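Below is the file work34.cif, which contains mmCIF, C-alpha atoms.
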data_data
loop_
_atom_site.label_atom_id
_atom_site.label_comp_id
_atom_site.auth_asym_id
_atom_site.auth_seq_id
_atom_site.Cartn_x
_atom_site.Cartn_y
_atom_site.Cartn_z
CA MET A 1 80.05 64.99 6.13
CA ALA A 2 76.87 63.20 5.04
CA LYS A 3 73.62 64.99 5.70
CA ARG A 4 71.26 63.57 8.31
CA ASP A 5 67.85 62.30 7.35
CA TYR A 6 65.29 65.12 7.40
CA TYR A 7 62.69 63.01 9.20
CA GLU A 8 65.27 62.08 11.82
CA ILE A 9 66.23 65.73 12.32
CA LEU A 10 62.63 66.68 13.11
CA GLY A 11 61.99 63.49 15.06
CA VAL A 12 58.98 62.31 13.00
CA GLN A 13 58.07 59.17 11.09
CA VAL A 14 58.20 59.02 7.27
CA SER A 15 54.41 58.66 7.33
CA ALA A 16 53.92 61.82 9.45
CA SER A 17 51.19 64.22 8.37
CA ALA A 18 51.86 67.82 7.38
CA GLU A 19 50.44 68.99 10.72
CA GLU A 20 52.69 66.62 12.67
CA ILE A 21 55.73 67.88 10.75
CA LYS A 22 54.79 71.50 11.42
CA LYS A 23 54.25 70.77 15.12
CA ALA A 24 57.60 68.97 15.35
CA PHE A 25 59.42 71.89 13.71
CA ARG A 26 57.83 74.39 16.08
CA LYS A 27 59.04 72.34 19.01
CA LYS A 28 62.55 72.08 17.57
CA ALA A 29 62.66 75.80 16.76
CA LYS A 30 61.84 76.69 20.35
CA GLN A 31 64.39 74.26 21.72
CA LEU A 32 67.22 75.31 19.39
CA HIS A 33 66.62 79.03 19.07
CA PRO A 34 70.02 80.77 19.50
CA ASP A 35 68.64 83.31 21.98
CA SER A 36 67.76 80.47 24.33
CA ASN A 37 71.03 78.55 23.82
CA SER A 38 73.79 81.08 24.35
CA ASP A 39 75.85 78.39 26.07
CA ASN A 40 75.49 75.94 23.15
CA PRO A 41 77.81 76.83 20.23
CA ASP A 42 76.10 74.22 18.02
CA ALA A 43 72.59 75.62 18.51
CA GLU A 44 72.64 77.89 15.43
CA ALA A 45 73.85 75.11 13.14
CA GLN A 46 71.23 72.72 14.52
CA PHE A 47 68.58 75.39 14.12
CA LYS A 48 69.50 75.86 10.45
CA GLU A 49 69.52 72.09 9.97
CA ALA A 50 65.98 71.80 11.34
CA ASN A 51 64.92 74.74 9.19
CA GLU A 52 66.34 73.08 6.07
CA ALA A 53 64.50 69.86 6.85
CA TYR A 54 61.23 71.70 7.37
CA GLU A 55 61.64 73.66 4.12
CA VAL A 56 61.59 70.39 2.22
CA LEU A 57 59.07 68.37 4.19
CA LYS A 58 56.43 71.12 4.39
CA ASP A 59 56.26 71.31 0.56
CA PRO A 60 54.39 68.34 -0.97
CA GLU A 61 56.42 68.38 -4.22
CA LYS A 62 59.79 68.72 -2.50
CA ARG A 63 58.81 66.06 0.03
CA ALA A 64 57.84 63.64 -2.74
CA ALA A 65 61.17 64.20 -4.48
CA TYR A 66 63.04 63.73 -1.21
CA ASP A 67 61.17 60.50 -0.43
CA ARG A 68 62.17 59.18 -3.87
CA PHE A 69 65.71 60.45 -4.35
CA GLY A 70 66.83 61.59 -0.89
CA HIS A 71 69.25 64.53 -0.61
CA ALA A 72 70.30 63.98 -4.22
CA ALA A 73 67.02 65.53 -5.30
CA PHE A 74 68.39 68.97 -4.44
CA GLU A 75 71.98 68.62 -5.51
CA GLY A 76 71.50 69.39 -9.23
CA GLY A 77 70.53 67.21 -12.14
CA MET A 78 67.14 66.36 -10.75
CA GLY A 79 65.03 68.73 -12.79
CA GLY A 80 62.64 71.08 -11.08
CA MET A 81 64.00 70.55 -7.59
CA GLY A 82 67.05 72.74 -8.07
CA GLY A 83 65.45 75.53 -6.06
CA GLY A 84 65.50 73.44 -2.90
CA PRO A 85 67.26 74.27 0.36
CA ARG A 86 70.91 75.19 0.26
CA GLY A 87 72.97 76.69 3.02
CA GLY A 88 70.07 76.43 5.43
CA GLY A 89 67.18 77.38 3.11
CA ASP A 90 64.95 80.46 3.25
CA PHE A 91 64.91 81.09 6.98
CA ALA A 92 62.36 83.92 6.85
CA SER A 93 59.80 81.79 5.04
CA ALA A 94 60.00 78.85 7.40
CA PHE A 95 60.41 80.88 10.57
CA SER A 96 57.27 82.91 9.84
CA ASP A 97 55.18 79.80 10.50
CA VAL A 98 56.33 79.70 14.10
CA PHE A 99 56.95 83.41 14.65
CA ASP A 100 53.86 83.86 16.80
CA ASP A 101 54.72 80.90 19.01
CA LEU A 102 58.17 82.33 19.74
CA PHE A 103 57.49 86.05 19.93
CA GLY A 104 53.72 86.41 20.24
CA ASP A 105 53.76 87.50 23.89
CA PHE A 106 55.97 90.56 23.49
CA MET A 107 54.97 91.45 19.92
CA GLY A 108 51.42 92.29 20.90
CA GLY A 109 49.58 88.96 20.99
CA GLN A 110 48.35 86.73 18.22
CA ARG A 111 48.40 87.89 14.61
CA THR A 112 44.70 87.25 14.25
CA ALA A 113 43.95 89.93 16.83
CA ALA A 114 46.08 92.44 14.95
CA ARG A 115 44.17 91.77 11.75
CA GLN A 116 40.84 92.67 13.20
CA ARG A 117 39.34 95.85 11.95
CA ALA A 118 37.75 96.81 15.27
CA THR A 119 39.57 97.12 18.57
CA ARG A 120 38.06 96.54 22.01
CA GLY A 121 37.85 99.61 24.20
CA SER A 122 40.05 99.95 27.25
CA ASP A 123 38.90 99.04 30.73
CA LEU A 124 38.51 102.02 33.06
CA ARG A 125 39.18 102.41 36.78
CA TYR A 126 37.22 104.64 39.15
CA ASN A 127 38.22 105.15 42.78
CA LEU A 128 35.17 105.63 45.00
CA ARG A 129 35.32 106.65 48.66
CA VAL A 130 32.47 105.70 50.98
CA THR A 131 31.88 106.21 54.69
CA LEU A 132 31.93 103.35 57.18
CA GLU A 133 28.20 103.85 57.69
CA GLU A 134 27.62 103.45 53.94
CA ALA A 135 29.79 100.35 53.90
CA PHE A 136 27.71 98.96 56.77
CA SER A 137 24.29 99.46 55.20
CA GLY A 138 25.08 99.58 51.47
CA VAL A 139 24.33 102.60 49.30
CA GLN A 140 23.40 103.71 45.80
CA LYS A 141 25.95 106.15 44.39
CA THR A 142 25.86 108.27 41.25
CA ILE A 143 29.28 108.79 39.69
CA THR A 144 30.49 110.82 36.72
CA VAL A 145 32.96 109.02 34.50
CA PRO A 146 34.96 110.78 31.76
CA THR A 147 35.29 108.24 28.96
CA SER A 148 35.03 107.56 25.22
CA VAL A 149 31.62 106.67 23.79
CA ALA A 150 30.57 105.51 20.35
CA CYS A 151 30.20 108.36 17.86
CA ASN A 152 26.54 108.94 17.01
CA GLU A 153 27.36 110.60 13.70
CA CYS A 154 28.93 107.49 12.16
CA ASN A 155 27.47 104.87 14.55
CA GLY A 156 30.97 104.01 15.69
CA THR A 157 32.32 103.03 12.26
CA GLY A 158 34.61 106.05 11.89
CA ALA A 159 33.51 106.53 8.27
CA GLN A 160 31.51 109.45 6.91
CA SER A 161 28.06 108.63 5.46
CA GLY A 162 28.51 104.90 5.85
CA ALA A 163 31.62 104.68 3.66
CA GLU A 164 33.33 101.29 3.72
CA PRO A 165 36.96 101.03 4.86
CA THR A 166 39.59 99.86 2.37
CA THR A 167 42.43 97.41 2.80
CA CYS A 168 45.67 99.01 3.96
CA PRO A 169 48.10 99.08 0.99
CA THR A 170 51.18 98.84 3.23
CA CYS A 171 50.36 95.61 5.09
CA SER A 172 47.67 94.23 2.70
CA GLY A 173 45.22 93.94 5.59
CA MET A 174 47.57 91.99 7.89
CA GLY A 175 47.98 94.83 10.38
CA LYS A 176 51.71 94.09 10.65
CA VAL A 177 54.77 94.39 8.47
CA ARG A 178 57.93 92.29 8.49
CA ALA A 179 61.55 93.27 8.08
CA GLN A 180 64.62 91.09 7.74
CA GLN A 181 67.33 91.90 10.29
CA GLY A 182 70.23 89.57 9.68
CA PHE A 183 69.38 86.13 10.96
CA PHE A 184 65.92 87.16 12.21
CA THR A 185 62.64 88.32 10.75
CA VAL A 186 61.05 91.02 12.94
CA GLU A 187 57.34 91.73 12.81
CA ARG A 188 56.01 95.17 13.74
CA THR A 189 52.67 96.95 13.82
CA CYS A 190 51.90 98.55 10.49
CA PRO A 191 52.70 102.30 10.73
CA THR A 192 50.12 103.22 8.09
CA CYS A 193 46.97 101.69 9.58
CA GLY A 194 48.15 101.33 13.19
CA GLY A 195 47.58 97.57 13.14
CA LEU A 196 43.93 97.69 12.03
CA GLY A 197 44.59 96.34 8.53
CA GLN A 198 42.10 98.80 7.04
CA MET A 199 41.93 102.50 6.26
CA ILE A 200 39.09 104.99 5.96
CA LYS A 201 39.30 107.29 2.95
CA ASP A 202 36.46 109.55 4.09
CA PRO A 203 36.65 109.75 7.91
CA CYS A 204 33.80 111.02 10.04
CA LYS A 205 34.07 114.75 10.66
CA VAL A 206 32.97 114.41 14.29
CA CYS A 207 35.26 111.63 15.53
CA HIS A 208 37.91 111.99 12.80
CA GLY A 209 37.77 108.30 11.95
CA ALA A 210 38.17 106.94 15.50
CA GLY A 211 34.53 105.89 15.82
CA ARG A 212 34.34 107.32 19.34
CA VAL A 213 34.29 110.70 21.08
CA GLU A 214 35.18 111.93 24.57
CA LYS A 215 32.23 112.45 26.87
CA GLU A 216 31.28 112.37 30.55
CA ARG A 217 28.65 109.87 31.66
CA SER A 218 26.67 109.61 34.87
CA LEU A 219 26.26 106.09 36.21
CA SER A 220 24.32 104.72 39.16
CA VAL A 221 26.36 102.22 41.15
CA ASN A 222 25.01 99.86 43.78
CA ILE A 223 27.49 99.52 46.66
CA PRO A 224 26.60 96.35 48.60
CA ALA A 225 26.74 96.17 52.39
CA GLY A 226 30.02 94.87 53.77
CA VAL A 227 32.44 96.39 51.23
CA GLU A 228 35.89 97.28 52.50
CA THR A 229 38.94 99.07 51.17
CA GLY A 230 40.17 97.18 48.12
CA THR A 231 36.78 95.76 47.12
CA ARG A 232 36.44 95.83 43.31
CA ILE A 233 33.11 96.16 41.52
CA ARG A 234 32.96 95.40 37.79
CA LEU A 235 30.44 97.08 35.51
CA ALA A 236 30.54 95.14 32.26
CA GLY A 237 30.36 97.25 29.09
CA GLU A 238 30.65 100.57 30.91
CA GLY A 239 34.28 101.24 29.99
CA GLU A 240 35.76 102.96 26.97
CA ALA A 241 34.03 102.49 23.62
CA GLY A 242 35.81 100.30 21.09
CA LEU A 243 37.75 101.75 18.20
CA ARG A 244 35.72 101.78 14.94
CA GLY A 245 32.81 99.79 16.28
CA GLY A 246 34.78 97.43 18.52
CA PRO A 247 33.29 96.07 21.75
CA THR A 248 33.19 98.31 24.82
CA GLY A 249 35.57 97.77 27.73
CA ASP A 250 34.54 97.38 31.36
CA LEU A 251 34.50 99.80 34.27
CA TYR A 252 36.15 98.71 37.51
CA ILE A 253 35.20 100.59 40.68
CA PHE A 254 37.71 100.31 43.51
CA ILE A 255 36.27 101.02 46.95
CA GLU A 256 38.06 102.96 49.68
CA VAL A 257 36.35 103.16 53.08
CA LYS A 258 37.12 106.38 54.94
CA GLU A 259 38.58 106.36 58.45
CA HIS A 260 35.92 106.77 61.14
CA ALA A 261 36.11 109.10 64.12
CA LEU A 262 34.80 106.47 66.56
CA PHE A 263 35.26 103.01 65.11
CA HIS A 264 38.27 101.07 63.87
CA ARG A 265 37.54 98.19 61.52
CA ASP A 266 39.31 94.83 61.32
CA GLY A 267 37.54 92.57 58.84
CA THR A 268 33.95 92.28 60.04
CA ASN A 269 34.78 93.35 63.63
CA LEU A 270 34.66 96.89 64.96
CA TYR A 271 36.67 98.38 67.82
CA CYS A 272 35.72 101.43 69.85
CA GLN A 273 37.85 103.03 72.56
CA VAL A 274 35.69 104.37 75.38
CA PRO A 275 37.12 106.63 78.12
CA VAL A 276 35.98 105.94 81.70
CA SER A 277 36.78 107.88 84.81
CA MET A 278 39.22 106.56 87.35
CA THR A 279 36.48 106.25 89.97
CA LYS A 280 34.13 104.36 87.63
CA ALA A 281 36.91 102.00 86.63
CA ALA A 282 37.67 101.39 90.30
CA LEU A 283 34.09 101.15 91.60
CA GLY A 284 32.38 99.74 88.51
CA GLY A 285 29.34 101.10 86.71
CA GLU A 286 27.86 101.49 83.23
CA VAL A 287 28.76 103.46 80.10
CA GLU A 288 26.64 104.20 77.07
CA VAL A 289 28.39 103.47 73.75
CA PRO A 290 27.37 104.13 70.11
CA THR A 291 26.88 101.39 67.51
CA ILE A 292 27.53 101.61 63.77
CA ASP A 293 23.83 101.36 62.95
CA GLY A 294 23.21 104.63 64.81
CA GLY A 295 21.91 102.99 67.98
CA ARG A 296 23.14 102.92 71.58
CA SER A 297 24.16 100.15 73.93
CA ARG A 298 24.81 100.17 77.66
CA VAL A 299 27.93 98.32 78.73
CA LYS A 300 28.68 97.27 82.31
CA VAL A 301 32.13 98.23 83.54
CA PRO A 302 33.39 95.68 86.11
CA ALA A 303 34.93 97.09 89.30
CA GLY A 304 38.71 97.27 89.14
CA SER A 305 38.86 97.55 85.34
CA GLN A 306 42.20 98.57 83.84
CA SER A 307 42.97 100.46 80.63
CA GLY A 308 42.82 98.15 77.59
CA ARG A 309 40.16 95.85 79.00
CA GLN A 310 37.75 94.75 76.27
CA MET A 311 34.07 93.85 76.31
CA ARG A 312 32.31 92.22 73.37
CA LEU A 313 28.96 93.22 71.85
CA ARG A 314 27.99 90.27 69.68
CA GLY A 315 26.50 90.97 66.25
CA LYS A 316 27.22 94.71 66.43
CA GLY A 317 30.05 94.68 63.88
CA MET A 318 30.09 94.82 60.06
CA PRO A 319 28.16 92.47 57.78
CA ALA A 320 30.13 90.03 55.62
CA LEU A 321 30.20 91.14 51.97
CA ARG A 322 28.69 87.96 50.50
CA GLY A 323 26.67 86.72 53.44
CA GLY A 324 28.04 84.68 56.30
CA GLY A 325 26.75 86.69 59.23
CA THR A 326 27.88 89.80 61.04
CA GLY A 327 30.98 90.57 63.07
CA ASP A 328 31.20 91.80 66.65
CA MET A 329 31.96 95.11 68.28
CA PHE A 330 34.66 95.33 70.95
CA ILE A 331 34.63 98.07 73.58
CA GLU A 332 38.12 98.92 74.84
CA LEU A 333 38.26 100.86 78.10
CA GLN A 334 40.63 103.78 78.48
CA VAL A 335 40.92 104.81 82.12
CA GLU A 336 41.25 108.56 82.27
CA THR A 337 43.38 110.35 84.86
CA PRO A 338 41.61 113.45 86.22
CA VAL A 339 43.18 116.85 85.53
CA ASN A 340 42.72 120.41 86.81
CA LEU A 341 42.15 119.26 90.41
CA ASN A 342 41.03 121.77 93.04
CA THR A 343 42.45 121.86 96.54
CA ARG A 344 39.81 119.61 98.08
CA GLN A 345 40.17 116.99 95.34
CA LYS A 346 43.91 116.90 95.87
CA GLU A 347 43.44 116.43 99.61
CA LEU A 348 41.04 113.54 99.01
CA LEU A 349 43.43 111.87 96.58
CA ARG A 350 46.36 112.22 99.00
CA GLU A 351 44.22 110.70 101.72
CA PHE A 352 43.23 107.89 99.37
CA GLU A 353 46.87 107.33 98.41
CA GLU A 354 47.84 106.90 102.07
CA GLN A 355 45.23 104.18 102.51
CA SER A 356 45.63 102.36 99.18
CA ALA A 357 48.84 100.40 99.67
CA ASP A 358 47.05 97.13 99.03
CA ASN A 359 44.87 98.36 96.17
CA ASN A 360 47.46 98.35 93.36
CA PRO A 361 48.54 94.73 92.78
CA VAL A 362 50.00 95.37 89.34
CA GLY A 363 52.10 98.28 90.56
CA SER A 364 53.24 96.39 93.65
CA LYS A 365 54.36 93.44 91.53
CA PHE A 366 56.21 95.70 89.12
CA PHE A 367 58.19 97.52 91.82
CA LYS A 368 59.07 94.27 93.55
CA THR A 369 60.51 93.07 90.24
CA VAL A 370 62.43 96.33 89.85
CA LYS A 371 63.85 95.99 93.36
CA SER A 372 65.03 92.44 92.64
CA PHE A 373 66.63 93.63 89.39
CA TRP A 374 68.58 96.36 91.14
CA GLU A 375 69.75 94.01 93.86
CA SER A 376 70.97 91.47 91.32
CA MET A 377 72.88 94.20 89.50
CA LYS A 378 74.65 95.24 92.71
CA SER A 379 75.68 91.65 93.47
#

Can I see the file as structure tokens?
Amino acid sequence: MAKRDYYEILGVQVSASAEEIKKAFRKKAKQLHPDSNSDNPDAEAQFKEANEAYEVLKDPEKRAAYDRFGHAAFEGGMGGMGGGPRGGGDFASAFSDVFDDLFGDFMGGQRTAARQRATRGSDLRYNLRVTLEEAFSGVQKTITVPTSVACNECNGTGAQSGAEPTTCPTCSGMGKVRAQQGFFTVERTCPTCGGLGQMIKDPCKVCHGAGRVEKERSLSVNIPAGVETGTRIRLAGEGEAGLRGGPTGDLYIFIEVKEHALFHRDGTNLYCQVPVSMTKAALGGEVEVPTIDGGRSRVKVPAGSQSGRQMRLRGKGMPALRGGGTGDMFIELQVETPVNLNTRQKELLREFEEQSADNNPVGSKFFKTVKSFWESMKS
């Protein structure tokens, strides 16, 4: 069967530039890769066909011969072109140009990052617990963070007495090595230099060539008013020192606000359950309640109040983290039943019970509903 035109295979014009041809091949390679076309039995053959076309068109000399003689340029008798593509060409050579596009995400990122001599330090996380009062007003906290810092002996280079690193002989400074595994070329981190591309012949005696040492640091952290559980504060450059002079990572402080004995928080609002006596709930009166700022407020209890009734104190809640005002405080009444009654108290309550048939509308309504339910069940 006659071979298809190489330009047609890649979907480019005869006048296409080298960059356009490379871009077209990358697109084809992704589309036709066998791992992504398990249901297409022709995918592997089409992949090899695209690879063969790219092998010729990416090389200026081979492309010129192909433009002049077509496929005959590589079928013998055409002089120096005898080393052209046959049986699909050199797959490893062509595929290496698009290797990062296909496998970059799970092979550790772009190759350029692996070639760098220095490596950025890791970001660190610190969990910090604060009280609700501290979250209300804001606070300055001093924390101790165990981390890696740049080695003072070698100034973070990892080399003793300012010695210069040398190129890794295994990967030739690439930071990665390749191995052919059947149809695929697999790229791995260089085992000799650990992906740095360079080696230190005379490592620092303090940090042993890492360029950093373990140390605890004390940091002052400003906790703004309004923080809540889950708030994240970033301290740029306060994380782990980079490897062999690389940039420092960041420190992330995650806030956890402790539970409070009196207040329950919901966003910027606060809730406080306040017990009131049965007589005060029935007759009405006032109760004194605390506020989160340490103050006191007097709240009027309306006569006939029931458990769960709420009263609002405007502006007595938590401040919003980034401005936007302050929440409210809600007082929730909890009517308390008296206990440990003496004889006289019991007599008074019995007397009150005898005269209070019309004073319990909620109870009366409930028992009327219960009575109707029972009657309907009987019928």

Next item on the list: Tell me, in Å to one decimal, how far CA of Ser122 (chain A) is from CA of Tyr252 (chain A).
Entry: 11.0 Å

So that each row is one residue of region 225-319 of chain A with an atom at most 10 Å from region 140-145 of chain A, can you give its shortest atom pair and the distance in Å to one decimal, using all atoms listed in the file, rows by chain and rising number, as a Markdown table?
| residue | atom | partner | partner_atom | distance |
| --- | --- | --- | --- | --- |
| A:Glu238 | CA | A:Val145 | CA | 9.5 |
| A:Gly239 | CA | A:Val145 | CA | 9.1 |
| A:Leu251 | CA | A:Val145 | CA | 9.4 |

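Note that the spacing between CA of Leu124 (chain A) and CA of Lys258 (chain A) amounts to 22.4 Å.
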
Check: Written as number ranges by chain, what is the full residue list that the PyMOL selection byres ((chain A and resi 146) around 8) yields on the file shown?
Finding: A: 144-145, 147-148, 214-217

For the provided coordinates, the residues matched by the PyMOL selection byres ((chain A and resi 270-279) around 8) should be stated as a short mmCIF file (atom, residue, chain, number, x, y, z; two decimals) with C-alpha atoms, in the coordinates of the input.
data_model
loop_
_atom_site.label_atom_id
_atom_site.label_comp_id
_atom_site.auth_asym_id
_atom_site.auth_seq_id
_atom_site.Cartn_x
_atom_site.Cartn_y
_atom_site.Cartn_z
CA LEU A 262 34.80 106.47 66.56
CA PHE A 263 35.26 103.01 65.11
CA HIS A 264 38.27 101.07 63.87
CA ARG A 265 37.54 98.19 61.52
CA ASP A 266 39.31 94.83 61.32
CA THR A 268 33.95 92.28 60.04
CA ASN A 269 34.78 93.35 63.63
CA LYS A 280 34.13 104.36 87.63
CA ALA A 281 36.91 102.00 86.63
CA ALA A 282 37.67 101.39 90.30
CA LEU A 283 34.09 101.15 91.60
CA GLY A 284 32.38 99.74 88.51
CA VAL A 287 28.76 103.46 80.10
CA VAL A 289 28.39 103.47 73.75
CA LYS A 316 27.22 94.71 66.43
CA GLY A 317 30.05 94.68 63.88
CA MET A 318 30.09 94.82 60.06
CA GLY A 327 30.98 90.57 63.07
CA ASP A 328 31.20 91.80 66.65
CA MET A 329 31.96 95.11 68.28
CA PHE A 330 34.66 95.33 70.95
CA ILE A 331 34.63 98.07 73.58
CA GLU A 332 38.12 98.92 74.84
CA LEU A 333 38.26 100.86 78.10
CA GLN A 334 40.63 103.78 78.48
CA VAL A 335 40.92 104.81 82.12
CA GLU A 336 41.25 108.56 82.27
CA THR A 337 43.38 110.35 84.86
CA PRO A 338 41.61 113.45 86.22
#

Region 348-358 of chain A, all listed atoms, 3 Å padding on each side: what axis-aligned box centre and edge lengths in Å to one decimal come out, as AutoDock Vina command-line options?
--center_x 44.9 --center_y 105.3 --center_z 99.5 --size_x 13.8 --size_y 22.4 --size_z 11.9

Check: Near Ile200 (chain A), counting only C-alpha atoms, which residues have an atom at most 9 Å away, once you skip same-chain residues fewer than 5 positions from it, shown as a VMD selection string?
Finding: chain A and resid 158 to 160 163 to 167 209

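CA of Asn127 (chain A) lies 4.9 Å from CA of Phe254 (chain A).
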
Next item on the list: Check which residues satisfy the PyMOL selection byres ((chain A and resi 32) around 12) in the file shown, then give them as a list in words.
Entry: Ile9, Leu10, Phe25, Arg26, Lys27, Lys28, Ala29, Lys30, Gln31, His33, Pro34, Asp35, Ser36, Asn37, Ser38, Asp39, Asn40, Pro41, Asp42, Ala43, Glu44, Ala45, Gln46, Phe47, Lys48, Glu49, Ala50, Asn51 and Leu102 of chain A

Would you save the residues of that selection, restricted to C-alpha atoms, as a short mmCIF file (atom, residue, chain, number, x, y, z; two decimals), keeping the file's coordinate frame?
data_model
loop_
_atom_site.label_atom_id
_atom_site.label_comp_id
_atom_site.auth_asym_id
_atom_site.auth_seq_id
_atom_site.Cartn_x
_atom_site.Cartn_y
_atom_site.Cartn_z
CA ILE A 9 66.23 65.73 12.32
CA LEU A 10 62.63 66.68 13.11
CA PHE A 25 59.42 71.89 13.71
CA ARG A 26 57.83 74.39 16.08
CA LYS A 27 59.04 72.34 19.01
CA LYS A 28 62.55 72.08 17.57
CA ALA A 29 62.66 75.80 16.76
CA LYS A 30 61.84 76.69 20.35
CA GLN A 31 64.39 74.26 21.72
CA HIS A 33 66.62 79.03 19.07
CA PRO A 34 70.02 80.77 19.50
CA ASP A 35 68.64 83.31 21.98
CA SER A 36 67.76 80.47 24.33
CA ASN A 37 71.03 78.55 23.82
CA SER A 38 73.79 81.08 24.35
CA ASP A 39 75.85 78.39 26.07
CA ASN A 40 75.49 75.94 23.15
CA PRO A 41 77.81 76.83 20.23
CA ASP A 42 76.10 74.22 18.02
CA ALA A 43 72.59 75.62 18.51
CA GLU A 44 72.64 77.89 15.43
CA ALA A 45 73.85 75.11 13.14
CA GLN A 46 71.23 72.72 14.52
CA PHE A 47 68.58 75.39 14.12
CA LYS A 48 69.50 75.86 10.45
CA GLU A 49 69.52 72.09 9.97
CA ALA A 50 65.98 71.80 11.34
CA ASN A 51 64.92 74.74 9.19
CA LEU A 102 58.17 82.33 19.74
#

Notebook entry, point to check: If we count all atoms listed in the file, what is near Pro361 (chain A) at a cut-off of 12 Å, once residues fewer than 5 positions away on the same chain are taken out, given as a ChimeraX atom specification?
Noted result: /A:304,306,356,366-368

Check: How would you write as a PyMOL selection string the residues that get within 12 Å of (25.0, 99.6, 52.5) in the file's frame, counting all atoms listed in the file?
Finding: chain A and resi 130-141+221-228+257+292-293+318-321

Next item on the list: Considering only C-alpha atoms, state which residue in the set A:Ile21, A:Cys154, A:Ala65, A:Leu128 is at the smallest distance from Glu256 (chain A).
Entry: A:Leu128
